[in-house]
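Asker: To be precise about what I am sending: the file is called protein30.cif and holds mmCIF, C-alpha atoms.
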```cif
data_entry
#
loop_
_atom_site.group_PDB
_atom_site.id
_atom_site.type_symbol
_atom_site.label_atom_id
_atom_site.label_comp_id
_atom_site.auth_asym_id
_atom_site.auth_seq_id
_atom_site.Cartn_x
_atom_site.Cartn_y
_atom_site.Cartn_z
ATOM 1 C CA MET Q 1 -18.131 -6.994 -39.961
ATOM 2 C CA LYS Q 2 -19.182 -3.797 -38.215
ATOM 3 C CA ARG Q 3 -18.511 -0.409 -39.801
ATOM 4 C CA ALA Q 4 -18.341 3.146 -38.491
ATOM 5 C CA PHE Q 5 -18.433 6.311 -40.560
ATOM 6 C CA ILE Q 6 -16.412 9.202 -39.137
ATOM 7 C CA PHE Q 7 -16.340 12.852 -40.154
ATOM 8 C CA PRO Q 8 -13.367 15.263 -40.085
ATOM 9 C CA GLY Q 9 -13.024 18.536 -38.234
ATOM 10 C CA GLN Q 10 -11.347 21.866 -38.812
ATOM 11 C CA GLY Q 11 -7.857 21.654 -40.268
ATOM 12 C CA SER Q 12 -8.843 19.184 -42.988
ATOM 13 C CA GLN Q 13 -9.934 21.922 -45.403
ATOM 14 C CA ALA Q 14 -8.108 22.375 -48.711
ATOM 15 C CA VAL Q 15 -8.797 24.402 -51.823
ATOM 16 C CA GLY Q 16 -10.407 22.113 -54.402
ATOM 17 C CA MET Q 17 -12.112 19.840 -51.896
ATOM 18 C CA GLY Q 18 -15.331 18.386 -53.268
ATOM 19 C CA LYS Q 19 -14.794 19.746 -56.778
ATOM 20 C CA ALA Q 20 -14.270 16.346 -58.416
ATOM 21 C CA LEU Q 21 -17.299 14.905 -56.598
ATOM 22 C CA ALA Q 22 -19.429 17.739 -57.951
ATOM 23 C CA ALA Q 23 -18.086 17.217 -61.467
ATOM 24 C CA ASP Q 24 -18.884 13.501 -61.464
ATOM 25 C CA PHE Q 25 -22.058 13.137 -59.389
ATOM 26 C CA PRO Q 26 -25.345 15.073 -59.469
ATOM 27 C CA GLN Q 27 -26.027 14.101 -55.841
ATOM 28 C CA ALA Q 28 -22.904 15.996 -54.759
ATOM 29 C CA ARG Q 29 -23.834 19.023 -56.866
ATOM 30 C CA ALA Q 30 -27.250 19.084 -55.196
ATOM 31 C CA VAL Q 31 -25.720 19.171 -51.706
ATOM 32 C CA PHE Q 32 -23.358 22.018 -52.582
ATOM 33 C CA ALA Q 33 -26.213 23.990 -54.168
ATOM 34 C CA GLU Q 34 -28.415 23.445 -51.105
ATOM 35 C CA ILE Q 35 -25.702 24.725 -48.760
ATOM 36 C CA ASP Q 36 -24.951 27.724 -51.007
ATOM 37 C CA ASP Q 37 -28.662 28.597 -50.869
ATOM 38 C CA ALA Q 38 -28.903 28.074 -47.102
ATOM 39 C CA LEU Q 39 -26.001 30.451 -46.462
ATOM 40 C CA SER Q 40 -26.792 32.913 -49.275
ATOM 41 C CA GLN Q 41 -23.144 32.550 -50.256
ATOM 42 C CA LYS Q 42 -21.344 30.815 -53.107
ATOM 43 C CA LEU Q 43 -19.426 28.712 -50.581
ATOM 44 C CA SER Q 44 -18.791 26.024 -53.191
ATOM 45 C CA ALA Q 45 -16.832 28.488 -55.352
ATOM 46 C CA LEU Q 46 -14.672 29.401 -52.366
ATOM 47 C CA MET Q 47 -14.085 25.707 -51.645
ATOM 48 C CA TRP Q 48 -13.059 24.911 -55.197
ATOM 49 C CA ASP Q 49 -11.110 28.034 -56.143
ATOM 50 C CA GLY Q 50 -9.993 29.629 -52.873
ATOM 51 C CA PRO Q 51 -8.308 31.704 -51.674
ATOM 52 C CA LEU Q 52 -7.133 29.408 -48.894
ATOM 53 C CA ASP Q 53 -6.952 32.118 -46.225
ATOM 54 C CA GLU Q 54 -10.638 32.915 -46.763
ATOM 55 C CA LEU Q 55 -11.623 29.240 -46.821
ATOM 56 C CA THR Q 56 -9.688 28.713 -43.567
ATOM 57 C CA LEU Q 57 -11.736 31.342 -41.709
ATOM 58 C CA THR Q 58 -13.668 29.411 -39.065
ATOM 59 C CA ALA Q 59 -17.062 30.619 -40.277
ATOM 60 C CA ASN Q 60 -16.303 29.269 -43.783
ATOM 61 C CA ALA Q 61 -14.261 26.175 -42.976
ATOM 62 C CA GLN Q 62 -16.880 24.622 -40.715
ATOM 63 C CA PRO Q 63 -19.841 24.539 -43.148
ATOM 64 C CA ALA Q 64 -17.469 23.815 -46.053
ATOM 65 C CA LEU Q 65 -16.084 20.672 -44.439
ATOM 66 C CA MET Q 66 -19.593 19.515 -43.625
ATOM 67 C CA ALA Q 67 -20.593 20.141 -47.244
ATOM 68 C CA VAL Q 68 -17.920 17.799 -48.612
ATOM 69 C CA SER Q 69 -18.797 15.116 -46.066
ATOM 70 C CA LEU Q 70 -22.513 15.214 -46.865
ATOM 71 C CA ALA Q 71 -21.874 15.325 -50.596
ATOM 72 C CA ALA Q 72 -19.818 12.144 -50.252
ATOM 73 C CA VAL Q 73 -22.521 10.492 -48.133
ATOM 74 C CA ARG Q 74 -25.194 11.257 -50.742
ATOM 75 C CA VAL Q 75 -22.954 9.826 -53.475
ATOM 76 C CA LEU Q 76 -22.388 6.624 -51.474
ATOM 77 C CA GLN Q 77 -26.129 6.297 -50.972
ATOM 78 C CA ALA Q 78 -26.710 6.583 -54.713
ATOM 79 C CA GLU Q 79 -23.759 4.569 -55.990
ATOM 80 C CA ALA Q 80 -23.463 1.839 -53.350
ATOM 81 C CA GLY Q 81 -26.943 1.775 -51.858
ATOM 82 C CA LEU Q 82 -25.473 2.800 -48.499
ATOM 83 C CA ASP Q 83 -28.051 3.013 -45.711
ATOM 84 C CA LEU Q 84 -26.371 4.108 -42.503
ATOM 85 C CA GLY Q 85 -29.218 2.734 -40.424
ATOM 86 C CA ARG Q 86 -28.605 -0.770 -41.809
ATOM 87 C CA HIS Q 87 -24.948 -0.727 -42.777
ATOM 88 C CA ALA Q 88 -23.264 1.215 -39.959
ATOM 89 C CA ALA Q 89 -22.914 0.466 -36.287
ATOM 90 C CA PHE Q 90 -22.029 4.065 -35.398
ATOM 91 C CA VAL Q 91 -21.237 7.492 -36.775
ATOM 92 C CA ALA Q 92 -19.029 10.078 -35.081
ATOM 93 C CA GLY Q 93 -17.312 13.338 -35.958
ATOM 94 C CA HIS Q 94 -14.357 15.304 -34.648
ATOM 95 C CA SER Q 95 -15.596 18.641 -33.251
ATOM 96 C CA LEU Q 96 -17.568 20.260 -36.115
ATOM 97 C CA GLY Q 97 -17.605 16.790 -37.682
ATOM 98 C CA GLU Q 98 -20.197 15.836 -35.081
ATOM 99 C CA TYR Q 99 -22.635 18.082 -36.962
ATOM 100 C CA SER Q 100 -21.738 16.271 -40.197
ATOM 101 C CA ALA Q 101 -22.381 12.933 -38.485
ATOM 102 C CA LEU Q 102 -25.779 14.109 -37.279
ATOM 103 C CA ALA Q 103 -26.754 15.347 -40.736
ATOM 104 C CA ALA Q 104 -25.567 12.080 -42.298
ATOM 105 C CA ALA Q 105 -27.772 10.212 -39.820
ATOM 106 C CA ASP Q 106 -30.771 12.429 -40.707
ATOM 107 C CA SER Q 107 -30.905 13.904 -37.215
ATOM 108 C CA LEU Q 108 -30.430 17.409 -38.663
ATOM 109 C CA THR Q 109 -31.241 18.669 -42.163
ATOM 110 C CA VAL Q 110 -28.318 19.688 -44.345
ATOM 111 C CA SER Q 111 -29.536 23.297 -44.596
ATOM 112 C CA GLU Q 112 -30.043 23.577 -40.847
ATOM 113 C CA THR Q 113 -26.614 22.097 -40.231
ATOM 114 C CA ALA Q 114 -24.980 24.637 -42.535
ATOM 115 C CA ARG Q 115 -26.714 27.522 -40.769
ATOM 116 C CA LEU Q 116 -25.753 26.196 -37.335
ATOM 117 C CA LEU Q 117 -22.122 25.786 -38.348
ATOM 118 C CA ARG Q 118 -22.017 29.341 -39.698
ATOM 119 C CA ILE Q 119 -23.333 30.582 -36.339
ATOM 120 C CA ARG Q 120 -20.902 28.313 -34.474
ATOM 121 C CA GLY Q 121 -17.920 29.459 -36.517
ATOM 122 C CA ASN Q 122 -18.700 33.145 -36.027
ATOM 123 C CA ALA Q 123 -19.368 32.672 -32.304
ATOM 124 C CA MET Q 124 -16.148 30.743 -31.696
ATOM 125 C CA GLN Q 125 -14.104 33.277 -33.652
ATOM 126 C CA SER Q 126 -15.514 36.259 -31.777
ATOM 127 C CA ALA Q 127 -15.453 34.734 -28.266
ATOM 128 C CA VAL Q 128 -11.822 35.710 -27.643
ATOM 129 C CA PRO Q 129 -9.915 38.703 -29.101
ATOM 130 C CA VAL Q 130 -7.312 37.645 -31.672
ATOM 131 C CA GLY Q 131 -3.929 37.105 -30.048
ATOM 132 C CA GLN Q 132 -5.199 36.426 -26.530
ATOM 133 C CA GLY Q 133 -5.735 32.691 -26.960
ATOM 134 C CA ALA Q 134 -3.640 29.832 -28.275
ATOM 135 C CA MET Q 135 -3.638 26.097 -28.894
ATOM 136 C CA ALA Q 136 -0.715 23.673 -28.905
ATOM 137 C CA ALA Q 137 -0.228 20.011 -29.745
ATOM 138 C CA LEU Q 138 1.783 18.028 -27.227
ATOM 139 C CA MET Q 139 3.319 14.808 -28.534
ATOM 140 C CA GLY Q 140 4.519 11.884 -26.474
ATOM 141 C CA LEU Q 141 2.415 12.392 -23.357
ATOM 142 C CA GLU Q 142 -0.879 10.727 -22.488
ATOM 143 C CA PHE Q 143 -4.082 12.589 -21.743
ATOM 144 C CA ASP Q 144 -4.080 12.347 -17.935
ATOM 145 C CA GLU Q 145 -0.558 13.748 -17.740
ATOM 146 C CA VAL Q 146 -1.402 16.596 -20.094
ATOM 147 C CA ALA Q 147 -4.523 17.462 -18.076
ATOM 148 C CA LYS Q 148 -2.324 17.802 -14.971
ATOM 149 C CA ILE Q 149 0.162 19.963 -16.867
ATOM 150 C CA ALA Q 150 -2.643 22.207 -18.142
ATOM 151 C CA ALA Q 151 -3.995 22.670 -14.607
ATOM 152 C CA GLU Q 152 -0.511 23.448 -13.294
ATOM 153 C CA ALA Q 153 0.129 25.967 -16.068
ATOM 154 C CA SER Q 154 -3.142 27.847 -15.581
ATOM 155 C CA GLN Q 155 -1.989 30.051 -12.683
ATOM 156 C CA GLY Q 156 -5.182 32.069 -12.749
ATOM 157 C CA ASP Q 157 -5.524 31.909 -16.533
ATOM 158 C CA ILE Q 158 -7.282 29.262 -18.623
ATOM 159 C CA CYS Q 159 -5.518 26.185 -19.943
ATOM 160 C CA ASP Q 160 -7.519 23.077 -20.805
ATOM 161 C CA ALA Q 161 -6.896 19.734 -22.472
ATOM 162 C CA ALA Q 162 -8.954 20.330 -25.617
ATOM 163 C CA ASN Q 163 -8.510 17.300 -27.894
ATOM 164 C CA ASP Q 164 -7.570 13.788 -26.812
ATOM 165 C CA ASN Q 165 -6.504 12.604 -30.249
ATOM 166 C CA GLY Q 166 -4.773 9.438 -29.061
ATOM 167 C CA GLY Q 167 -1.430 7.987 -29.983
ATOM 168 C CA GLY Q 168 0.303 10.314 -27.559
ATOM 169 C CA GLN Q 169 -1.138 13.459 -29.164
ATOM 170 C CA VAL Q 170 -3.113 15.821 -26.944
ATOM 171 C CA VAL Q 171 -4.039 19.398 -27.845
ATOM 172 C CA ILE Q 172 -4.219 22.079 -25.161
ATOM 173 C CA SER Q 173 -6.122 25.338 -25.468
ATOM 174 C CA GLY Q 174 -6.558 28.540 -23.500
ATOM 175 C CA SER Q 175 -4.911 31.846 -22.648
ATOM 176 C CA LYS Q 176 -1.734 32.395 -24.671
ATOM 177 C CA ALA Q 177 0.498 32.850 -21.622
ATOM 178 C CA ALA Q 178 -0.881 29.722 -19.939
ATOM 179 C CA VAL Q 179 -0.459 27.610 -23.074
ATOM 180 C CA GLU Q 180 3.141 28.788 -23.376
ATOM 181 C CA ARG Q 181 3.743 27.828 -19.733
ATOM 182 C CA ALA Q 182 2.210 24.415 -20.398
ATOM 183 C CA ILE Q 183 4.524 23.875 -23.368
ATOM 184 C CA ALA Q 184 7.552 24.590 -21.171
ATOM 185 C CA ILE Q 185 6.331 22.219 -18.444
ATOM 186 C CA ALA Q 186 5.515 19.504 -20.996
ATOM 187 C CA GLN Q 187 9.016 19.699 -22.419
ATOM 188 C CA GLU Q 188 10.443 19.292 -18.920
ATOM 189 C CA ARG Q 189 8.159 16.245 -18.411
ATOM 190 C CA GLY Q 190 9.407 14.455 -21.489
ATOM 191 C CA ALA Q 191 7.142 15.580 -24.325
ATOM 192 C CA LYS Q 192 8.691 14.602 -27.643
ATOM 193 C CA ARG Q 193 7.372 17.728 -29.336
ATOM 194 C CA ALA Q 194 5.247 20.716 -28.438
ATOM 195 C CA ILE Q 195 3.910 22.827 -31.280
ATOM 196 C CA LEU Q 196 1.847 26.001 -31.203
ATOM 197 C CA LEU Q 197 -0.968 25.544 -33.709
ATOM 198 C CA PRO Q 198 -1.837 28.143 -36.373
ATOM 199 C CA VAL Q 199 -5.417 28.628 -35.192
ATOM 200 C CA SER Q 200 -7.432 31.784 -34.797
ATOM 201 C CA ALA Q 201 -9.035 31.051 -31.419
ATOM 202 C CA PRO Q 202 -8.633 28.750 -28.365
ATOM 203 C CA PHE Q 203 -11.272 26.169 -29.284
ATOM 204 C CA HIS Q 204 -12.631 23.641 -26.777
ATOM 205 C CA SER Q 205 -11.523 25.619 -23.738
ATOM 206 C CA ALA Q 206 -13.407 27.503 -21.039
ATOM 207 C CA LEU Q 207 -12.652 30.698 -22.969
ATOM 208 C CA MET Q 208 -15.289 29.541 -25.467
ATOM 209 C CA ALA Q 209 -18.080 29.971 -22.886
ATOM 210 C CA PRO Q 210 -19.631 32.944 -24.762
ATOM 211 C CA ALA Q 211 -19.800 30.811 -27.914
ATOM 212 C CA ALA Q 212 -21.437 27.980 -25.979
ATOM 213 C CA GLU Q 213 -24.202 30.355 -24.906
ATOM 214 C CA VAL Q 214 -24.701 31.468 -28.501
ATOM 215 C CA MET Q 215 -25.078 27.837 -29.525
ATOM 216 C CA ARG Q 216 -27.454 27.104 -26.652
ATOM 217 C CA ASP Q 217 -29.709 29.855 -27.995
ATOM 218 C CA ALA Q 218 -29.260 28.794 -31.642
ATOM 219 C CA LEU Q 219 -30.084 25.156 -30.905
ATOM 220 C CA LYS Q 220 -32.998 25.609 -28.532
ATOM 221 C CA ASP Q 221 -35.721 25.638 -31.209
ATOM 222 C CA VAL Q 222 -33.989 23.433 -33.797
ATOM 223 C CA ALA Q 223 -35.799 20.213 -34.675
ATOM 224 C CA ILE Q 224 -33.440 17.327 -33.869
ATOM 225 C CA LYS Q 225 -34.680 13.895 -34.897
ATOM 226 C CA VAL Q 226 -33.666 10.536 -33.493
ATOM 227 C CA PRO Q 227 -30.668 9.609 -35.686
ATOM 228 C CA SER Q 228 -30.892 6.617 -38.008
ATOM 229 C CA VAL Q 229 -27.723 5.227 -36.389
ATOM 230 C CA ALA Q 230 -26.239 5.870 -32.941
ATOM 231 C CA VAL Q 231 -23.939 8.895 -32.816
ATOM 232 C CA VAL Q 232 -20.879 8.703 -30.569
ATOM 233 C CA ILE Q 233 -20.652 12.282 -29.294
ATOM 234 C CA ASN Q 234 -17.459 14.110 -28.375
ATOM 235 C CA VAL Q 235 -18.218 15.017 -24.785
ATOM 236 C CA GLU Q 236 -19.472 11.581 -23.738
ATOM 237 C CA ALA Q 237 -17.426 9.231 -25.967
ATOM 238 C CA GLN Q 238 -20.603 7.142 -25.870
ATOM 239 C CA PRO Q 239 -23.372 6.543 -28.417
ATOM 240 C CA VAL Q 240 -26.519 8.604 -27.995
ATOM 241 C CA SER Q 241 -29.825 8.798 -29.835
ATOM 242 C CA ASP Q 242 -31.994 10.985 -27.581
ATOM 243 C CA PRO Q 243 -32.474 14.367 -29.327
ATOM 244 C CA GLU Q 244 -32.232 16.329 -26.072
ATOM 245 C CA VAL Q 245 -28.970 14.615 -25.125
ATOM 246 C CA ILE Q 246 -27.670 15.446 -28.606
ATOM 247 C CA ARG Q 247 -28.747 19.092 -28.242
ATOM 248 C CA ASN Q 248 -27.039 19.396 -24.863
ATOM 249 C CA GLY Q 249 -23.916 17.673 -26.173
ATOM 250 C CA LEU Q 250 -23.583 20.156 -29.031
ATOM 251 C CA VAL Q 251 -23.595 23.000 -26.518
ATOM 252 C CA ARG Q 252 -21.154 21.289 -24.157
ATOM 253 C CA GLN Q 253 -18.681 20.385 -26.881
ATOM 254 C CA VAL Q 254 -17.898 24.070 -27.580
ATOM 255 C CA THR Q 255 -16.000 24.296 -24.287
ATOM 256 C CA GLY Q 256 -15.512 20.572 -23.642
ATOM 257 C CA THR Q 257 -12.787 18.113 -24.523
ATOM 258 C CA VAL Q 258 -13.046 16.263 -27.829
ATOM 259 C CA ARG Q 259 -12.698 12.716 -26.463
ATOM 260 C CA TRP Q 260 -11.710 11.202 -29.789
ATOM 261 C CA ARG Q 261 -9.404 8.465 -28.498
ATOM 262 C CA GLU Q 262 -12.128 7.158 -26.185
ATOM 263 C CA SER Q 263 -14.736 7.465 -28.938
ATOM 264 C CA LEU Q 264 -12.730 5.290 -31.322
ATOM 265 C CA LEU Q 265 -11.952 2.772 -28.592
ATOM 266 C CA HIS Q 266 -15.627 2.521 -27.640
ATOM 267 C CA MET Q 267 -16.581 1.747 -31.229
ATOM 268 C CA ALA Q 268 -13.758 -0.786 -31.540
ATOM 269 C CA ASN Q 269 -14.775 -2.442 -28.271
ATOM 270 C CA GLU Q 270 -18.289 -2.781 -29.705
ATOM 271 C CA GLY Q 271 -16.878 -4.727 -32.624
ATOM 272 C CA VAL Q 272 -16.184 -2.068 -35.269
ATOM 273 C CA GLU Q 273 -13.357 -3.222 -37.521
ATOM 274 C CA SER Q 274 -13.679 -0.804 -40.442
ATOM 275 C CA PHE Q 275 -13.702 2.985 -40.160
ATOM 276 C CA TYR Q 276 -14.561 5.173 -43.147
ATOM 277 C CA GLU Q 277 -13.506 8.828 -42.989
ATOM 278 C CA VAL Q 278 -16.052 10.648 -45.139
ATOM 279 C CA GLY Q 279 -15.067 14.055 -46.491
ATOM 280 C CA SER Q 280 -11.892 16.038 -46.935
ATOM 281 C CA GLY Q 281 -8.472 14.760 -45.931
ATOM 282 C CA LYS Q 282 -7.235 11.729 -44.023
ATOM 283 C CA VAL Q 283 -6.423 13.024 -40.530
ATOM 284 C CA LEU Q 284 -8.902 10.737 -38.775
ATOM 285 C CA THR Q 285 -7.760 7.705 -40.755
ATOM 286 C CA GLY Q 286 -4.258 8.266 -39.386
ATOM 287 C CA LEU Q 287 -5.639 8.439 -35.853
ATOM 288 C CA VAL Q 288 -7.572 5.184 -36.354
ATOM 289 C CA LYS Q 289 -4.349 3.409 -37.275
ATOM 290 C CA ARG Q 290 -2.618 4.737 -34.161
ATOM 291 C CA ILE Q 291 -5.448 4.121 -31.700
ATOM 292 C CA VAL Q 292 -7.071 0.893 -32.904
ATOM 293 C CA PRO Q 293 -4.408 -1.608 -34.005
ATOM 294 C CA GLY Q 294 -5.813 -4.106 -36.466
ATOM 295 C CA ALA Q 295 -8.699 -1.893 -37.597
ATOM 296 C CA THR Q 296 -8.855 -0.695 -41.188
ATOM 297 C CA GLY Q 297 -9.213 2.984 -41.969
ATOM 298 C CA SER Q 298 -10.298 4.280 -45.380
ATOM 299 C CA THR Q 299 -11.038 7.706 -46.812
ATOM 300 C CA VAL Q 300 -14.037 8.580 -48.960
ATOM 301 C CA GLY Q 301 -13.656 12.044 -50.421
ATOM 302 C CA THR Q 302 -12.953 11.694 -54.139
ATOM 303 C CA PRO Q 303 -14.521 9.853 -57.091
ATOM 304 C CA GLU Q 304 -11.660 7.344 -56.907
ATOM 305 C CA ASP Q 305 -12.449 6.707 -53.239
ATOM 306 C CA VAL Q 306 -16.105 6.219 -54.119
ATOM 307 C CA ALA Q 307 -15.206 3.661 -56.784
ATOM 308 C CA THR Q 308 -13.032 1.766 -54.298
ATOM 309 C CA PHE Q 309 -15.849 1.769 -51.725
ATOM 310 C CA VAL Q 310 -18.443 0.593 -54.239
ATOM 311 C CA SER Q 311 -16.238 -2.256 -55.453
ATOM 312 C CA SER Q 312 -15.667 -3.584 -51.930
ATOM 313 C CA PHE Q 313 -19.030 -2.813 -50.314
ATOM 314 C CA LYS Q 314 -21.049 -5.760 -49.086
ATOM 315 C CA GLU Q 315 -24.329 -5.741 -47.185
#
```
Give the structure from the file, written as structure tokens.
Answerer:
Amino acid sequence: MKRAFIFPGQGSQAVGMGKALAADFPQARAVFAEIDDALSQKLSALMWDGPLDELTLTANAQPALMAVSLAAVRVLQAEAGLDLGRHAAFVAGHSLGEYSALAAADSLTVSETARLLRIRGNAMQSAVPVGQGAMAALMGLEFDEVAKIAAEASQGDICDAANDNGGGQVVISGSKAAVERAIAIAQERGAKRAILLPVSAPFHSALMAPAAEVMRDALKDVAIKVPSVAVVINVEAQPVSDPEVIRNGLVRQVTGTVRWRESLLHMANEGVESFYEVGSGKVLTGLVKRIVPGATGSTVGTPEDVATFVSSFKE
């Protein structure tokens, strides 16, 4: 049976995440301490005690979500003998989760990943003045139709299909006026729902070009190793292991579409039957169930989840 380990993106943060792992496992405590040191910030205290509005800030949420994911990975390595190179067919992450996947696969160090995500979060937040951009989730339309709607709604502004989440859920991103036009068109074309998202910037759109340049500069001298397991990257929806392809993909994903539906389908077509969402929340597990009928999706983010994994884990 082939397994894939997948890592959540922004929106999965919650006050208290990772606290029980830290209480029960020294490996988790070590990860949180390492990230606190790397950022010169008591990020773990913010994660465990809030406030939520501060945790939700992009510059905090991104390294915090990675921290929980890597803490859980280290616990699985200690408690279950997990070796991603031997026991996983692929790893993948949704948006910032791609950084978590790379750190889990030893392509990036945990400290370096935390620093990069802090830079990424700040760059994405500052790329567009607050109030000028927007994102919306369109339900009940497939990706190709939404891409056409986004192009039609642009009218000189920016409107891009940002996240292909599958199951008839596509997120659009761009200039506020263009996104609002796209919502109106989508409703005329039969969208079941169209919801403006409570986000602080229009992620994964062309408006993020300044942030992409910041990341190009931040990544240019970073040591990226060949990962221990192939990483299915967002912009390609294909597994890669070449460090320079990974570096380029991390730059491109800032403005590019998160091709999550295609990523899951690629892994399933390669024989993956079990997907483990490692970290906070269960958003990706829900998407697995919608996109890959017959596959099993499990979460690993609490001591109880770890116990369940250990009891069922086989080489």
Asker: Report the residues retrieved by the PyMOL selection byres ((chain Q and resi 297) around 8) from the displayed file, expressed as a JSON list (two decimals) with C-alpha atoms, in the frame of the given file.
Answerer:
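This went into out.json:
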```json
[["chain", "number", "residue", "atom", "x", "y", "z"],
["Q", 274, "SER", "CA", -13.68, -0.80, -40.44],
["Q", 275, "PHE", "CA", -13.70, 2.98, -40.16],
["Q", 276, "TYR", "CA", -14.56, 5.17, -43.15],
["Q", 277, "GLU", "CA", -13.51, 8.83, -42.99],
["Q", 285, "THR", "CA", -7.76, 7.70, -40.76],
["Q", 286, "GLY", "CA", -4.26, 8.27, -39.39],
["Q", 288, "VAL", "CA", -7.57, 5.18, -36.35],
["Q", 289, "LYS", "CA", -4.35, 3.41, -37.28],
["Q", 295, "ALA", "CA", -8.70, -1.89, -37.60],
["Q", 296, "THR", "CA", -8.86, -0.70, -41.19],
["Q", 298, "SER", "CA", -10.30, 4.28, -45.38],
["Q", 299, "THR", "CA", -11.04, 7.71, -46.81]]
```
Asker: Sorted by chain and rising residue number, list the residues of stretch 144-175 of chain Q at most 12 Å from stretch 233-236 of chain Q (counting all atoms listed in the file), each with its closest atom pair and distance in Å to one decimal, as CSV.
Answerer:
```
residue,atom,partner,partner_atom,distance
Q:Ala162,CA,Q:Val235,CA,10.7
Q:Asn163,CA,Q:Asn234,CA,9.5
Q:Asp164,CA,Q:Asn234,CA,10.0
Q:Asn165,CA,Q:Asn234,CA,11.2
```
Asker: What would the file look like if the residues just selected were written as a PDB file, in the frame of the given file with C-alpha atoms?
Answerer:
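The resulting file, part.pdb, is shown below:
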```
ATOM      1  CA  ALA Q 162      -8.954  20.330 -25.617  1.00  0.00           C
ATOM      2  CA  ASN Q 163      -8.510  17.300 -27.894  1.00  0.00           C
ATOM      3  CA  ASP Q 164      -7.570  13.788 -26.812  1.00  0.00           C
ATOM      4  CA  ASN Q 165      -6.504  12.604 -30.249  1.00  0.00           C
TER       5      ASN Q 165
END
```
Asker: Could you state the separation of atom CA of Q:Gly140 and atom CA of Q:Ala268 in Å, given to one decimal place?
Answerer: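 That distance, rounded to one decimal, is 22.8 Å.
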Asker: To box stretch 139-148 of chain Q, take all atoms listed in the file, fit an axis-aligned box, add 8 Å on each side, and give centre and edge lengths in Å to one decimal, as JSON.
Answerer:
```
{"center_x": 0.0, "center_y": 14.3, "center_z": -21.8, "size_x": 25.0, "size_y": 23.1, "size_z": 29.6}
```
Asker: Kindly assemble as JSON lines a list of the stretch 97-149 of chain Q residues that lie within 7 Å of stretch 55-67 of chain Q, each paired with its nearest atom pair and their distance in Å to one decimal, using all atoms listed in the file, sorted first by chain and then by ascending residue number.
Answerer:
```
{"residue": "Q:Gly97", "atom": "CA", "partner": "Q:Met66", "partner_atom": "CA", "distance": 6.8}
{"residue": "Q:Ser100", "atom": "CA", "partner": "Q:Met66", "partner_atom": "CA", "distance": 5.2}
{"residue": "Q:Ala114", "atom": "CA", "partner": "Q:Pro63", "partner_atom": "CA", "distance": 5.2}
{"residue": "Q:Leu117", "atom": "CA", "partner": "Q:Pro63", "partner_atom": "CA", "distance": 5.5}
{"residue": "Q:Arg118", "atom": "CA", "partner": "Q:Ala59", "partner_atom": "CA", "distance": 5.1}
{"residue": "Q:Gly121", "atom": "CA", "partner": "Q:Ala59", "partner_atom": "CA", "distance": 4.0}
{"residue": "Q:Asn122", "atom": "CA", "partner": "Q:Ala59", "partner_atom": "CA", "distance": 5.2}
{"residue": "Q:Gln125", "atom": "CA", "partner": "Q:Thr58", "partner_atom": "CA", "distance": 6.7}
```
Asker: Which of these, Q:Leu116, Q:Ile183, Q:Met139, Q:Val229, has the shortest distance to Q:Val214 once you count only C-alpha atoms?
Answerer: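 Using only C-alpha atoms, Q:Val214 sits closest to Q:Leu116.
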Asker: Counting all atoms listed in the file, figure out which residue out of Q:Glu273, Q:Asp53, Q:Asp36, Q:Asp157 gets nearest to Q:Gly133.
Answerer: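 When distances to Q:Gly133 are compared using all atoms listed in the file, the smallest one comes from Q:Asp157.
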Asker: Compile the contact shell of Q:Asn248 as a short mmCIF file (atom, residue, chain, number, x, y, z; two decimals) with C-alpha atoms, in the coordinates of the input: residues with an atom at most 10 Å away, counting only C-alpha atoms, same-chain residues fewer than 3 positions apart removed.
Answerer:
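The result, written out as result_2.cif:
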```
data_model
loop_
_atom_site.label_atom_id
_atom_site.label_comp_id
_atom_site.auth_asym_id
_atom_site.auth_seq_id
_atom_site.Cartn_x
_atom_site.Cartn_y
_atom_site.Cartn_z
CA MET Q 215 -25.08 27.84 -29.52
CA ARG Q 216 -27.45 27.10 -26.65
CA LEU Q 219 -30.08 25.16 -30.90
CA LYS Q 220 -33.00 25.61 -28.53
CA VAL Q 235 -18.22 15.02 -24.78
CA PRO Q 243 -32.47 14.37 -29.33
CA GLU Q 244 -32.23 16.33 -26.07
CA VAL Q 245 -28.97 14.62 -25.12
CA VAL Q 251 -23.60 23.00 -26.52
CA ARG Q 252 -21.15 21.29 -24.16
CA GLN Q 253 -18.68 20.39 -26.88
#
```
Asker: When the PyMOL selection byres ((chain Q and resi 81-95) around 7) is applied to the structure above, which residues does it catch, written out as a list in words?
Answerer: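 Applied to this file, the PyMOL selection byres ((chain Q and resi 81-95) around 7) returns Lys2, Arg3, Ala4, Phe5, Ile6, Phe7, Pro8, Gly9, Leu76, Gln77, Ala78, Glu79, Ala80, Leu96, Gly97, Glu98, Ser100, Ala101, Ala105, Ser228, Val229, Ala230, Val231, Val232, Ile233, Asn234, Val258, Trp260 and Glu315 of chain Q.
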Asker: Can you turn the PyMOL selection byres ((chain Q and resi 12-15) around 7) into a concrete residue list for this file, as a compact mmCIF listing (two decimals) with C-alpha atoms, in the coordinates of the input?
Answerer:
```txt
# COMPACT_ATOMS: atom_id res chain seq x y z
CA PRO Q 8 -13.37 15.26 -40.08
CA GLY Q 9 -13.02 18.54 -38.23
CA GLN Q 10 -11.35 21.87 -38.81
CA GLY Q 11 -7.86 21.65 -40.27
CA GLY Q 16 -10.41 22.11 -54.40
CA MET Q 17 -12.11 19.84 -51.90
CA MET Q 47 -14.08 25.71 -51.64
CA TRP Q 48 -13.06 24.91 -55.20
CA ASP Q 49 -11.11 28.03 -56.14
CA GLY Q 50 -9.99 29.63 -52.87
CA LEU Q 52 -7.13 29.41 -48.89
CA ALA Q 61 -14.26 26.18 -42.98
CA LEU Q 65 -16.08 20.67 -44.44
CA SER Q 280 -11.89 16.04 -46.94
CA GLY Q 281 -8.47 14.76 -45.93
```
